[in-house]
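Have a look at run_31.cif below; it lists mmCIF, C-alpha atoms.
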data_final
loop_
_atom_site.label_atom_id
_atom_site.label_comp_id
_atom_site.auth_asym_id
_atom_site.auth_seq_id
_atom_site.Cartn_x
_atom_site.Cartn_y
_atom_site.Cartn_z
CA MET R 20 112.71 173.42 120.34
CA SER R 21 110.10 175.82 118.98
CA LEU R 22 106.55 174.56 118.60
CA LEU R 23 106.95 175.21 114.89
CA THR R 24 110.20 173.31 114.57
CA VAL R 25 110.10 170.12 112.51
CA PRO R 26 112.82 167.50 112.08
CA SER R 27 115.56 168.68 109.72
CA ASN R 28 115.24 165.58 107.53
CA GLU R 29 111.69 166.63 106.66
CA ASP R 30 113.18 168.99 104.11
CA GLN R 31 115.43 166.49 102.38
CA PRO R 32 114.47 166.38 98.70
CA LEU R 33 113.82 163.38 96.54
CA ILE R 34 116.94 162.84 94.45
CA ILE R 35 116.79 160.89 91.20
CA ASP R 36 119.84 160.68 88.98
CA GLY R 37 121.45 163.53 90.86
CA LYS R 38 118.53 165.96 90.47
CA SER R 39 116.51 167.19 93.44
CA TYR R 40 112.71 167.33 93.61
CA THR R 41 110.50 168.78 96.33
CA SER R 42 107.45 166.78 95.21
CA ARG R 43 107.38 163.03 95.83
CA LEU R 44 104.35 162.50 93.63
CA LEU R 45 104.95 161.46 90.02
CA VAL R 46 102.01 161.43 87.64
CA GLY R 47 101.11 160.13 84.21
CA THR R 48 99.44 161.85 81.29
CA GLY R 49 97.10 159.17 79.95
CA LYS R 50 93.33 158.63 80.09
CA TYR R 51 92.34 162.28 80.47
CA LYS R 52 89.51 163.78 78.42
CA ASN R 53 91.79 166.24 76.69
CA HIS R 54 95.09 168.07 77.02
CA ALA R 55 93.50 170.88 79.00
CA GLU R 56 92.32 168.48 81.70
CA THR R 57 95.74 166.81 81.69
CA ALA R 58 97.48 170.12 82.30
CA ALA R 59 95.02 171.18 85.04
CA ALA R 60 95.32 167.88 86.91
CA ILE R 61 99.09 167.87 86.80
CA GLU R 62 99.16 171.46 88.01
CA ALA R 63 96.93 170.52 90.96
CA SER R 64 99.07 167.49 91.78
CA GLY R 65 102.18 169.57 92.33
CA ALA R 66 104.19 166.88 90.53
CA GLN R 67 107.52 167.81 89.00
CA ILE R 68 108.11 164.53 87.14
CA ILE R 69 105.54 163.46 84.56
CA THR R 70 105.61 160.17 82.74
CA ILE R 71 104.52 159.83 79.12
CA ALA R 72 103.67 156.61 77.27
CA VAL R 73 105.67 157.08 74.07
CA ARG R 74 103.70 154.42 72.16
CA ARG R 75 100.35 156.05 73.01
CA THR R 76 101.07 159.78 73.27
CA ASN R 77 102.30 162.19 70.66
CA ILE R 78 105.50 163.94 71.72
CA GLY R 79 106.50 164.88 68.20
CA GLN R 80 106.43 161.61 66.29
CA ASN R 81 103.15 162.72 64.65
CA PRO R 82 103.73 166.37 63.67
CA ASP R 83 100.17 166.88 62.36
CA GLU R 84 98.54 165.89 65.67
CA PRO R 85 98.25 167.73 69.01
CA ASN R 86 101.45 167.39 71.00
CA VAL R 87 101.18 166.91 74.77
CA LEU R 88 104.37 168.94 75.17
CA ASP R 89 102.41 171.98 74.00
CA VAL R 90 100.70 172.02 77.42
CA LEU R 91 103.40 170.32 79.51
CA SER R 92 106.61 172.20 78.94
CA PRO R 93 109.91 170.33 79.38
CA ASP R 94 111.23 173.60 80.82
CA ARG R 95 108.85 173.20 83.76
CA TYR R 96 108.63 169.44 84.22
CA THR R 97 111.07 166.57 84.12
CA LEU R 98 109.78 164.28 81.40
CA LEU R 99 109.83 160.55 82.02
CA PRO R 100 109.14 158.69 78.77
CA ASN R 101 107.86 155.20 79.51
CA THR R 102 107.55 151.95 77.61
CA ALA R 103 103.92 151.21 78.45
CA GLY R 104 102.44 148.75 75.97
CA CYS R 105 105.70 146.86 75.42
CA PHE R 106 105.61 143.10 75.96
CA ASN R 107 109.22 142.25 75.17
CA ALA R 108 112.66 143.71 75.73
CA LYS R 109 113.23 144.52 72.05
CA ASP R 110 110.18 146.78 71.79
CA ALA R 111 110.97 148.47 75.10
CA ILE R 112 114.52 149.23 74.04
CA ARG R 113 113.36 150.61 70.69
CA THR R 114 110.77 152.80 72.42
CA CYS R 115 113.38 154.33 74.72
CA GLN R 116 115.64 155.01 71.77
CA LEU R 117 112.77 156.73 69.94
CA ALA R 118 112.07 158.90 72.98
CA ARG R 119 115.72 159.91 73.21
CA GLU R 120 115.68 160.93 69.56
CA LEU R 121 112.44 162.90 69.85
CA LEU R 122 113.54 164.65 73.05
CA ASP R 123 117.00 165.73 71.89
CA GLY R 124 119.08 163.20 73.80
CA HIS R 125 116.91 162.90 76.91
CA ASP R 126 118.10 159.76 78.73
CA LEU R 127 115.89 159.41 81.82
CA VAL R 128 113.27 156.74 81.10
CA LYS R 129 110.77 154.54 82.86
CA LEU R 130 111.13 150.92 81.80
CA GLU R 131 108.17 148.59 81.96
CA VAL R 132 107.95 145.29 80.10
CA LEU R 133 104.60 143.60 80.60
CA GLY R 134 103.85 139.90 80.70
CA ASP R 135 100.30 139.82 79.32
CA GLU R 136 97.40 142.11 78.54
CA LYS R 137 95.08 140.73 81.22
CA THR R 138 97.17 141.26 84.35
CA LEU R 139 99.72 143.80 83.05
CA TYR R 140 102.14 142.23 85.51
CA PRO R 141 105.79 142.85 84.68
CA ASP R 142 107.71 140.25 82.74
CA VAL R 143 110.72 140.18 85.03
CA THR R 144 112.96 138.18 82.66
CA GLU R 145 112.43 140.60 79.77
CA THR R 146 112.70 143.57 82.13
CA LEU R 147 116.15 142.44 83.25
CA VAL R 148 117.28 142.01 79.65
CA ALA R 149 116.02 145.45 78.62
CA ALA R 150 117.46 147.16 81.70
CA GLU R 151 120.92 145.76 81.05
CA VAL R 152 120.92 146.91 77.42
CA LEU R 153 119.56 150.37 78.20
CA ILE R 154 122.00 151.01 81.04
CA LYS R 155 124.91 150.04 78.82
CA ASP R 156 123.53 152.42 76.19
CA GLY R 157 123.68 155.33 78.62
CA PHE R 158 120.05 155.49 79.70
CA LYS R 159 119.09 156.38 83.27
CA VAL R 160 116.52 153.71 84.00
CA MET R 161 113.67 153.93 86.48
CA VAL R 162 112.21 150.44 86.41
CA TYR R 163 108.73 149.05 87.03
CA THR R 164 108.82 145.60 88.59
CA ASN R 165 106.97 143.23 90.87
CA ASP R 166 107.29 143.37 94.64
CA ASP R 167 109.96 140.67 94.87
CA PRO R 168 112.76 141.97 97.14
CA LEU R 169 115.41 139.87 95.37
CA ILE R 170 114.52 141.22 91.94
CA ALA R 171 114.43 144.76 93.30
CA LYS R 172 117.90 144.29 94.74
CA ARG R 173 119.23 142.89 91.47
CA LEU R 174 117.85 145.84 89.50
CA GLN R 175 119.58 148.21 91.90
CA GLU R 176 122.85 146.37 91.51
CA MET R 177 122.56 146.54 87.71
CA GLY R 178 122.51 150.33 87.90
CA CYS R 179 118.87 151.38 87.72
CA VAL R 180 118.46 154.88 89.20
CA ALA R 181 115.12 154.02 90.84
CA VAL R 182 113.13 150.84 91.46
CA MET R 183 109.34 151.00 91.22
CA PRO R 184 107.55 147.96 92.67
CA LEU R 185 103.84 147.64 92.03
CA GLY R 186 101.37 148.12 94.85
CA ALA R 187 98.75 146.19 92.87
CA PRO R 188 98.06 145.54 89.18
CA ILE R 189 98.15 148.58 86.90
CA GLY R 190 94.85 150.45 86.89
CA SER R 191 93.26 148.17 89.50
CA GLY R 192 92.91 150.75 92.27
CA LEU R 193 93.35 148.01 94.87
CA GLY R 194 95.95 149.87 96.92
CA ILE R 195 99.03 148.36 98.56
CA ARG R 196 98.31 144.63 98.61
CA ASN R 197 101.60 143.45 100.09
CA PRO R 198 103.11 146.08 102.38
CA TYR R 199 105.47 143.52 103.90
CA ASN R 200 107.30 142.94 100.63
CA ILE R 201 107.52 146.68 100.07
CA LYS R 202 109.10 147.00 103.53
CA MET R 203 111.65 144.31 102.67
CA ILE R 204 112.52 146.13 99.46
CA LEU R 205 113.00 149.33 101.43
CA GLU R 206 115.33 147.61 103.91
CA ASN R 207 117.80 146.88 101.10
CA ALA R 208 117.31 150.11 99.17
CA THR R 209 120.33 151.89 97.71
CA VAL R 210 118.28 153.94 95.22
CA PRO R 211 114.86 155.61 95.52
CA ILE R 212 111.95 153.18 95.87
CA LEU R 213 108.66 154.43 94.46
CA VAL R 214 105.38 152.55 94.50
CA ASP R 215 104.09 152.36 90.95
CA ALA R 216 100.64 151.05 90.02
CA GLY R 217 97.60 150.05 92.05
CA VAL R 218 96.87 153.28 93.91
CA GLY R 219 93.14 154.02 93.93
CA THR R 220 92.62 156.89 96.31
CA ALA R 221 94.45 159.28 98.60
CA SER R 222 94.73 156.90 101.55
CA ASP R 223 96.60 154.38 99.36
CA ALA R 224 99.22 157.01 98.54
CA THR R 225 99.53 157.92 102.20
CA ILE R 226 100.08 154.29 103.18
CA ALA R 227 102.85 153.93 100.60
CA MET R 228 104.61 156.98 101.99
CA GLU R 229 104.10 155.88 105.62
CA LEU R 230 105.91 152.64 104.77
CA GLY R 231 108.95 154.76 103.94
CA CYS R 232 108.74 154.83 100.15
CA ASP R 233 110.54 157.72 98.49
CA GLY R 234 107.60 158.53 96.27
CA VAL R 235 104.51 157.31 94.45
CA LEU R 236 103.73 157.24 90.74
CA MET R 237 100.14 157.14 89.55
CA ASN R 238 97.93 157.86 86.58
CA THR R 239 94.57 156.08 86.57
CA ALA R 240 93.76 156.97 90.19
CA ILE R 241 93.65 160.61 89.12
CA ALA R 242 92.53 160.41 85.50
CA ALA R 243 89.68 157.95 86.15
CA ALA R 244 88.29 159.83 89.15
CA LYS R 245 84.93 161.58 88.72
CA HIS R 246 86.74 164.87 89.27
CA PRO R 247 90.38 164.37 88.21
CA VAL R 248 91.66 167.81 89.16
CA LEU R 249 90.22 167.51 92.66
CA MET R 250 91.69 164.01 93.04
CA ALA R 251 95.05 165.30 91.87
CA ARG R 252 94.99 167.87 94.65
CA ALA R 253 94.01 165.18 97.16
CA MET R 254 96.94 163.03 96.05
CA ASN R 255 99.27 165.99 96.48
CA TYR R 256 98.16 166.35 100.10
CA ALA R 257 98.16 162.60 100.70
CA VAL R 258 101.77 162.09 99.66
CA ARG R 259 102.87 165.02 101.81
CA ALA R 260 100.89 163.75 104.80
CA GLY R 261 102.29 160.25 104.46
CA ARG R 262 105.83 161.56 104.23
CA ASP R 263 105.35 163.72 107.34
CA ALA R 264 103.85 160.80 109.26
CA TYR R 265 106.77 158.56 108.29
CA LEU R 266 109.30 161.14 109.43
CA ALA R 267 107.38 161.84 112.65
CA GLY R 268 107.39 158.15 113.61
CA ARG R 269 104.08 156.58 114.56
CA MET R 270 103.22 155.60 118.11
CA PRO R 271 103.69 151.92 119.05
CA ARG R 272 100.74 149.63 118.48
CA LYS R 273 99.30 148.24 121.73
CA LEU R 274 96.88 145.44 122.40
CA TYR R 275 95.11 147.26 125.24
CA ALA R 276 94.02 150.81 125.97
CA SER R 277 96.35 153.45 127.34
CA ALA R 278 95.10 156.66 128.95
CA SER R 279 95.60 159.71 126.78
CA SER R 280 96.28 161.93 129.80
CA PRO R 281 98.97 161.21 132.42
CA ILE R 282 97.63 159.70 135.65
CA ASP R 283 100.77 160.30 137.79
CA GLY R 284 100.16 162.98 140.41
CA THR R 285 96.37 162.95 140.20
CA PHE R 286 94.53 164.12 143.33
CA PHE R 287 91.92 161.37 143.53
#
Using structure tokens, write down the structure that the file contains.
Amino acid sequence: MSLLTVPSNEDQPLIIDGKSYTSRLLVGTGKYKNHAETAAAIEASGAQIITIAVRRTNIGQNPDEPNVLDVLSPDRYTLLPNTAGCFNAKDAIRTCQLARELLDGHDLVKLEVLGDEKTLYPDVTETLVAAEVLIKDGFKVMVYTNDDPLIAKRLQEMGCVAVMPLGAPIGSGLGIRNPYNIKMILENATVPILVDAGVGTASDATIAMELGCDGVLMNTAIAAAKHPVLMARAMNYAVRAGRDAYLAGRMPRKLYASASSPIDGTFF
């Protein structure tokens, strides 16, 4: 094997709903100072899938206001309309239907139904209701949920095209609080598993990828940084590094020291 050879599976793309992506970082479009900063940060992130809060961002529903699609072309990025701000299944379903109408039949959506405004934890019961309706209506649903392995499995079985367990509460920046549950979700995965929410800095994204996640979605970690474009670039590198480390396979953990250099055959 050449010194430059890497494992063949390193080049396997992320596949969501039958479409291949070379980037495993998905980013949001909220909380930036303006559309110019949004576009620059997303460019630096290398992301190919961008998520847009339909209830908070103009994608054509307000024709007299700036449209985020003027700087983020659907010809370049896969758009992922999301239901942020919805606290029941009915509103989430209606929001997805609005997005499909505004985007000429676009059916890939990110479903999130929140339980309350303080924690922004997912309301799992309402999420299940909305997912079932949307899937039957022909939507391709990427779903935000808690880190319960049983719920993640059920959402897969329902037909969601990706399951997105939280790492920590939305916008908290606390990082991956329960890596063991994420690992259990991954053990039963039949669709891509992407950590969504809670990432605060580059090392958090790397940890998610080292666990074996298929990708990471973030917004606040980039947009709320002192220098969003620079943080976006850091997140790009972090996701790649974490993926490479996962594929390489880390060394075993040991309780005691082990010499870095071989001692067999030493002269004294």
Inset, instruction - To one decimal in Å, tell me the separation between CA of Pro100 in chain R and CA of Ala59 in chain R. - result: 19.9 Å
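Note that CA of Asp215 in chain R and CA of Ile154 in chain R are 20.5 Å apart.
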Between range 106-169 of chain R and range 175-184 of chain R, at 10 Å or less, what are the per-residue closest atom pairs and their distances in Å? Count only C-alpha atoms, order by chain and rising residue number, and return it as a Markdown table.
| residue | atom | partner | partner_atom | distance |
| --- | --- | --- | --- | --- |
| R:Leu127 | CA | R:Val180 | CA | 9.0 |
| R:Val128 | CA | R:Val180 | CA | 9.8 |
| R:Lys129 | CA | R:Ala181 | CA | 9.1 |
| R:Leu130 | CA | R:Met183 | CA | 9.6 |
| R:Glu131 | CA | R:Met183 | CA | 9.6 |
| R:Pro141 | CA | R:Pro184 | CA | 9.6 |
| R:Leu147 | CA | R:Met177 | CA | 8.8 |
| R:Ala150 | CA | R:Cys179 | CA | 7.5 |
| R:Glu151 | CA | R:Met177 | CA | 6.9 |
| R:Leu153 | CA | R:Cys179 | CA | 9.6 |
| R:Ile154 | CA | R:Gly178 | CA | 6.9 |
| R:Lys155 | CA | R:Gly178 | CA | 9.4 |
| R:Phe158 | CA | R:Cys179 | CA | 9.1 |
| R:Lys159 | CA | R:Val180 | CA | 6.1 |
| R:Val160 | CA | R:Cys179 | CA | 5.0 |
| R:Met161 | CA | R:Ala181 | CA | 4.6 |
| R:Val162 | CA | R:Val182 | CA | 5.1 |
| R:Tyr163 | CA | R:Met183 | CA | 4.7 |
| R:Thr164 | CA | R:Pro184 | CA | 4.9 |
| R:Asn165 | CA | R:Pro184 | CA | 5.1 |
| R:Asp166 | CA | R:Pro184 | CA | 5.0 |
| R:Asp167 | CA | R:Pro184 | CA | 8.0 |
| R:Pro168 | CA | R:Pro184 | CA | 9.1 |
| R:Leu169 | CA | R:Gln175 | CA | 9.9 |
Legend entry - 8 Å contact set for Gly231 in chain R, all atoms listed in the file, chain neighbours under 6 positions out, as number ranges by chain: R: 202, 205, 262, 265
Inset, instruction - For range 250-253 of chain R, work out the shell of residues within 6 Å, counting all atoms listed in the file and skipping chain neighbours fewer than 2 positions away, then give it as a VMD selection string. - result: chain R and resid 60 63 to 64 241 247 to 248 255 to 256
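Each of R:Asn107, R:Ser279, R:Asn238, R:Asn86 was compared to Tyr51 in chain R using all atoms listed in the file, and R:Asn238 turns out to be the nearest.
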Determine, counting all atoms listed in the file, which protein, DNA and RNA residues have an atom within 6 Å of an atom of range 65-76 of chain R; residues of the same chain fewer than 4 positions away are not included. Present the result as an mmCIF file with C-alpha atoms, in the coordinates of the input.
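Result went into around.cif, see below:
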data_model
loop_
_atom_site.group_PDB
_atom_site.id
_atom_site.type_symbol
_atom_site.label_atom_id
_atom_site.label_comp_id
_atom_site.auth_asym_id
_atom_site.auth_seq_id
_atom_site.Cartn_x
_atom_site.Cartn_y
_atom_site.Cartn_z
ATOM 1 C CA SER R 42 107.450 166.780 95.210
ATOM 2 C CA LEU R 44 104.350 162.500 93.630
ATOM 3 C CA LEU R 45 104.950 161.460 90.020
ATOM 4 C CA VAL R 46 102.010 161.430 87.640
ATOM 5 C CA GLY R 47 101.110 160.130 84.210
ATOM 6 C CA THR R 48 99.440 161.850 81.290
ATOM 7 C CA TYR R 96 108.630 169.440 84.220
ATOM 8 C CA THR R 97 111.070 166.570 84.120
ATOM 9 C CA LEU R 98 109.780 164.280 81.400
ATOM 10 C CA LEU R 99 109.830 160.550 82.020
ATOM 11 C CA PRO R 100 109.140 158.690 78.770
ATOM 12 C CA ASN R 101 107.860 155.200 79.510
ATOM 13 C CA ALA R 103 103.920 151.210 78.450
#
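Taken over the shown file, the PyMOL selection byres ((chain R and resi 207) around 9) identifies Pro168, Ala171, Lys172, Met203, Ile204, Leu205, Glu206, Ala208 and Thr209 of chain R.
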Inset, instruction - Choose the residue, out of R:Leu274, R:Ala242, R:Ala227, R:Ile112, that has the smallest atom-to-atom separation from Glu56 in chain R; count all atoms listed in the file. - result: R:Ala242
Legend entry - Expansion of the PyMOL selection byres ((chain R and resi 111) around 8) into residues, as a PyMOL selection string: chain R and resi 102+105-110+112-115+130-132+149
Inset, instruction - Rank R:Leu185, R:Met270, R:Val258, R:Ile34 by their smallest atom-to-atom distance to Ile226 in chain R, using only C-alpha atoms, and report the top residue only. - result: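 That would be R:Val258, the residue with the smallest distance to Ile226 in chain R.
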Inset, instruction - Figure out the distance between CA of Ala264 in chain R and CA of Ala224 in chain R, please, to one decimal in Å. - result: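 Here the two named atoms are 12.3 Å from each other.
Nearest-residue note for Pro188 in chain R: choosing from R:Pro82, R:Pro93, R:Met237, R:Lys52, the minimum distance belongs to R:Met237, counting only C-alpha atoms.
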Complete range 108-122 of chain R at the level of N, CA and C atoms, written as a compact mmCIF listing (two decimals), in the frame of the given file.
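Ended up saving to rebuild.txt:
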# COMPACT_ATOMS: atom_id res chain seq x y z
N ALA R 108 111.53 142.81 75.53
CA ALA R 108 112.66 143.71 75.73
C ALA R 108 112.98 144.50 74.46
N LYS R 109 112.88 143.86 73.31
CA LYS R 109 113.23 144.52 72.05
C LYS R 109 112.37 145.75 71.82
N ASP R 110 111.06 145.64 72.00
CA ASP R 110 110.18 146.78 71.79
C ASP R 110 110.43 147.88 72.82
N ALA R 111 110.70 147.49 74.06
CA ALA R 111 110.97 148.47 75.10
C ALA R 111 112.24 149.26 74.81
N ILE R 112 113.26 148.57 74.37
CA ILE R 112 114.52 149.23 74.04
C ILE R 112 114.32 150.20 72.88
N ARG R 113 113.61 149.76 71.85
CA ARG R 113 113.36 150.61 70.69
C ARG R 113 112.55 151.85 71.09
N THR R 114 111.59 151.68 71.99
CA THR R 114 110.77 152.80 72.42
C THR R 114 111.60 153.84 73.16
N CYS R 115 112.50 153.40 74.00
CA CYS R 115 113.38 154.33 74.72
C CYS R 115 114.30 155.08 73.75
N GLN R 116 114.78 154.38 72.76
CA GLN R 116 115.64 155.01 71.77
C GLN R 116 114.87 156.06 70.97
N LEU R 117 113.60 155.77 70.64
CA LEU R 117 112.77 156.73 69.94
C LEU R 117 112.55 157.98 70.80
N ALA R 118 112.28 157.77 72.08
CA ALA R 118 112.07 158.90 72.98
C ALA R 118 113.31 159.77 73.06
N ARG R 119 114.47 159.14 73.14
CA ARG R 119 115.72 159.91 73.21
C ARG R 119 115.91 160.75 71.96
N GLU R 120 115.54 160.19 70.82
CA GLU R 120 115.68 160.93 69.56
C GLU R 120 114.70 162.10 69.50
N LEU R 121 113.46 161.86 69.91
CA LEU R 121 112.44 162.90 69.85
C LEU R 121 112.69 164.02 70.86
N LEU R 122 113.34 163.68 71.97
CA LEU R 122 113.54 164.65 73.05
C LEU R 122 114.99 165.13 73.14
